[in-house]
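Structure, as structure tokens:
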Amino acid sequence: MGQVLDCREAAKIFLDNIKKASLELKGKGINPTLGIVRVGKREDDIAYEKGILKNCEKVDIIGKVHECSEDINMDSFIKLIEELNADPLIHGILIFRPLPKHLDENIIKHIINPNKDVDSMNPLNLAKVFEGDLSGYSPCTSAAVIEIIKHFNIYIKGKKVAVLGRSMVVGKPLAMMLLKEDATVMICHSKTENLKETVASADIVAAAIGKAKFIGSDYIKQGAVVIDVGINVDENGKLCGDVDFEAVKDKASLITPVPGGVGSVTTAVLLKSVIKGAKMML
């Protein structure tokens, strides 16, 4: 069996460092604060929110939740974002996505202040990711994958990496961040010809397609590193990833579990970005 990477331990180290930075800022009169914007009561959003708030407490960051009704109109939603943009006591803004269809993300992403946009929703921050410019914010989940690779000393220079998924939230920015680390990147998706064979040629597989247990052992070559970004619910109502963990674990050299994998680090990366936003106030 391959080594299961316990990302919760890695997250604990990241959170300890974030707490030190937070206490330093408090000593200078700045209380790092995250504004969370949630529309409706989606179970996965609420679960994510609870995890964020729990970690906020651990690191002395204030988490303020702004819950909007499912039928909030565009004008009211934009007004809320503009209020958070203008509030000097809010250092980071996180908008839970996907938004309901009547709220146009293509408009909203241009409104969120790039200096508070901790999940890299604004095209200005995404452009920096694509340019390899580290001065902005990277999407939290993509950044968490890179943090895991570095924490566990996974050698990726020149290695062939298959990224499954091409969303602007994870897949595309992750591919750019891997390129910056000198990996050889293949972005795979539902229209990729010979998908199974293509993925099975990779040294490292990062699965971010949002399909429960989609990646079986025939997608993974012997000794590959498997990073499972997916968070799904299986037929028994249990959390699972995009990778069929039981089928793949004996073939992989290293594998992240779900839960206890990438998601554990994602929240830490988010809070690190809040600290970055708070430091801009110095």
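Ligands are numbered from 1 in the order shown, chains are lettered A, B, ... in the order of the structure tokens, and residues start at 1 in each chain.
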DSSP strand (DSSP E or B) residues within segment 85-252 of chain A, as a ChimeraX atom specification: /A:92-95,117,160-164,184-188,204-207,215,225-228,232-233,239-240,243
Closest atom pairs, segment 18-70 of chain A residues within 12 Å of segment 115-118 of chain A, only C-alpha atoms, as a tab-separated table:
```
residue	atom	partner	partner_atom	distance
A:Pro32	CA	A:Lys116	CA	11.6
A:Thr33	CA	A:Lys116	CA	10.4
A:Leu34	CA	A:Val118	CA	9.0
A:Gly35	CA	A:Lys116	CA	9.4
A:Ile36	CA	A:Val118	CA	10.5
A:Val37	CA	A:Asp117	CA	11.9
```
Writing out the chosen residues with C-alpha atoms as a compact mmCIF listing (two decimals), in the first residue's frame:
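Output (again_30.txt):
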```
# COMPACT_ATOMS: atom_id res chain seq x y z
CA PRO A 32 -7.49 40.17 10.90
CA THR A 33 -11.08 39.66 9.73
CA LEU A 34 -12.69 37.51 7.03
CA GLY A 35 -16.09 38.35 5.56
CA ILE A 36 -17.90 35.23 4.36
CA VAL A 37 -20.78 35.67 1.92
```
Find the residues around Ala207 of chain A up to 8 Å (only C-alpha atoms counted), leave out those fewer than 4 positions away in its own chain, and share them as a list in words.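 Listing them by chain and then by number gives Val163, Leu164, Gly165, Ile215, Val226, Ile227, Asp228, Val229, Gly230, Asp242 and Val243 of chain A.
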Write out as a ChimeraX atom specification all residues of segment 43-209 of chain A that DSSP puts in helix (DSSP H, G or I) for this structure's backbone. /A:43-58,74-86,105-111,123-131,140-151,171-180,195-199
Near-segment 48-59 of chain A list (7 Å; only C-alpha atoms; drop same-chain fewer than 5 positions) as a list in words: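 The neighbour list is Leu15, Ile18, Lys19, Ser22 and Thr267 of chain A.
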Could those residues be written to a file, using C-alpha atoms, as a compact mmCIF listing (two decimals), in the first residue's frame?
```
# COMPACT_ATOMS: atom_id res chain seq x y z
CA LEU A 15 -2.27 27.20 11.24
CA ILE A 18 -0.86 31.87 10.82
CA LYS A 19 -1.68 32.32 14.52
CA SER A 22 -2.27 37.12 13.53
CA THR A 267 -8.85 26.44 4.82
```
Proximity to Leu80 of chain A - best of A:Ser120, A:Gly63, A:Val39, A:Ser253, only C-alpha atoms: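 Looking at the shortest contact to Leu80 of chain A, the residue is A:Val39.
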Can you tell me, as a PyMOL selection string, what residues are no more than 9 Å from Lys279 of chain A when counting only C-alpha atoms, ignoring any on the same chain fewer than 2 positions away? chain A and resi 25+30+32+91+274-277+281-282
Excluding Phe214 of chain A and residues on its chain fewer than 6 positions from it, collect all residues at most 12 Å away from it, counting only C-alpha atoms, and give them as a short mmCIF file (atom, residue, chain, number, x, y, z; two decimals) with C-alpha atoms, in the first residue's frame.
```cif
data_model
loop_
_atom_site.label_atom_id
_atom_site.label_comp_id
_atom_site.auth_asym_id
_atom_site.auth_seq_id
_atom_site.Cartn_x
_atom_site.Cartn_y
_atom_site.Cartn_z
CA LEU A 164 -8.25 16.34 -14.26
CA SER A 190 -14.39 14.99 -20.36
CA LEU A 195 -8.58 9.81 -21.15
CA LYS A 196 -7.73 6.68 -19.17
CA ALA A 207 -8.12 14.91 -9.65
CA ALA A 208 -10.54 17.86 -9.61
CA ILE A 220 -3.14 5.26 -12.27
CA ASP A 228 -7.49 13.98 -4.71
CA GLY A 230 -12.65 16.25 -5.06
CA ILE A 231 -15.18 16.44 -2.24
CA ASN A 232 -18.28 14.38 -2.98
CA ASP A 234 -20.98 8.58 -2.06
CA CYS A 240 -15.38 10.76 -0.70
CA GLY A 241 -13.10 12.14 -3.37
CA ASP A 242 -12.89 11.91 -7.15
CA VAL A 243 -10.54 8.94 -6.67
CA ASP A 244 -11.70 5.47 -5.67
CA PHE A 245 -9.34 5.40 -2.69
CA ALA A 247 -9.03 0.71 -5.52
CA VAL A 248 -6.08 3.05 -6.01
#
```
Which neighbours of Gly132 of chain A fall inside 8 Å, counting only C-alpha atoms, when residues of the same chain fewer than 2 positions from it are skipped, and could you give them as a short mmCIF file (atom, residue, chain, number, x, y, z; two decimals) with C-alpha atoms, in the first residue's frame?
```
data_model
loop_
_atom_site.label_atom_id
_atom_site.label_comp_id
_atom_site.auth_asym_id
_atom_site.auth_seq_id
_atom_site.Cartn_x
_atom_site.Cartn_y
_atom_site.Cartn_z
CA LYS A 128 -1.42 37.23 -11.87
CA VAL A 129 -1.62 33.46 -11.31
CA PHE A 130 -1.37 32.88 -15.06
CA LEU A 134 2.83 35.94 -6.59
CA MET A 176 -0.36 27.30 -14.21
CA MET A 177 1.01 26.97 -10.67
CA LYS A 180 5.73 27.63 -12.44
#
```
Which residue gives the smallest distance to Met280 of chain A among A:Ile156, A:Cys7, A:Ile90, A:Ile72, with only C-alpha atoms counted?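 Of all the options, A:Ile90 lies closest to Met280 of chain A.
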Report, in Å to a single decimal, how far apart atom CA of Asn122 of chain A and atom CA of Glu105 of chain A are.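 Here the two named atoms are 10.0 Å from each other.
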To one decimal place in Å, what is the distance between atom CA of Asn153 of chain A and atom CA of Val258 of chain A?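 These atoms are spaced 20.4 Å apart.
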Could you jot down the atom CA of Ala252 of chain A to atom CA of Ala268 of chain A separation for me, Å, one decimal place? 25.9 Å
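Among the candidate residues A:Leu99, A:Leu94, A:Ala206, A:Leu124, the one lying nearest to Asp71 of chain A is A:Leu99, with distances computed using only C-alpha atoms.
Using only C-alpha atoms, the nearest neighbour of Cys68 of chain A within the list A:Ile95, A:Ala10, A:Ile108, A:Leu89 is A:Ile95.
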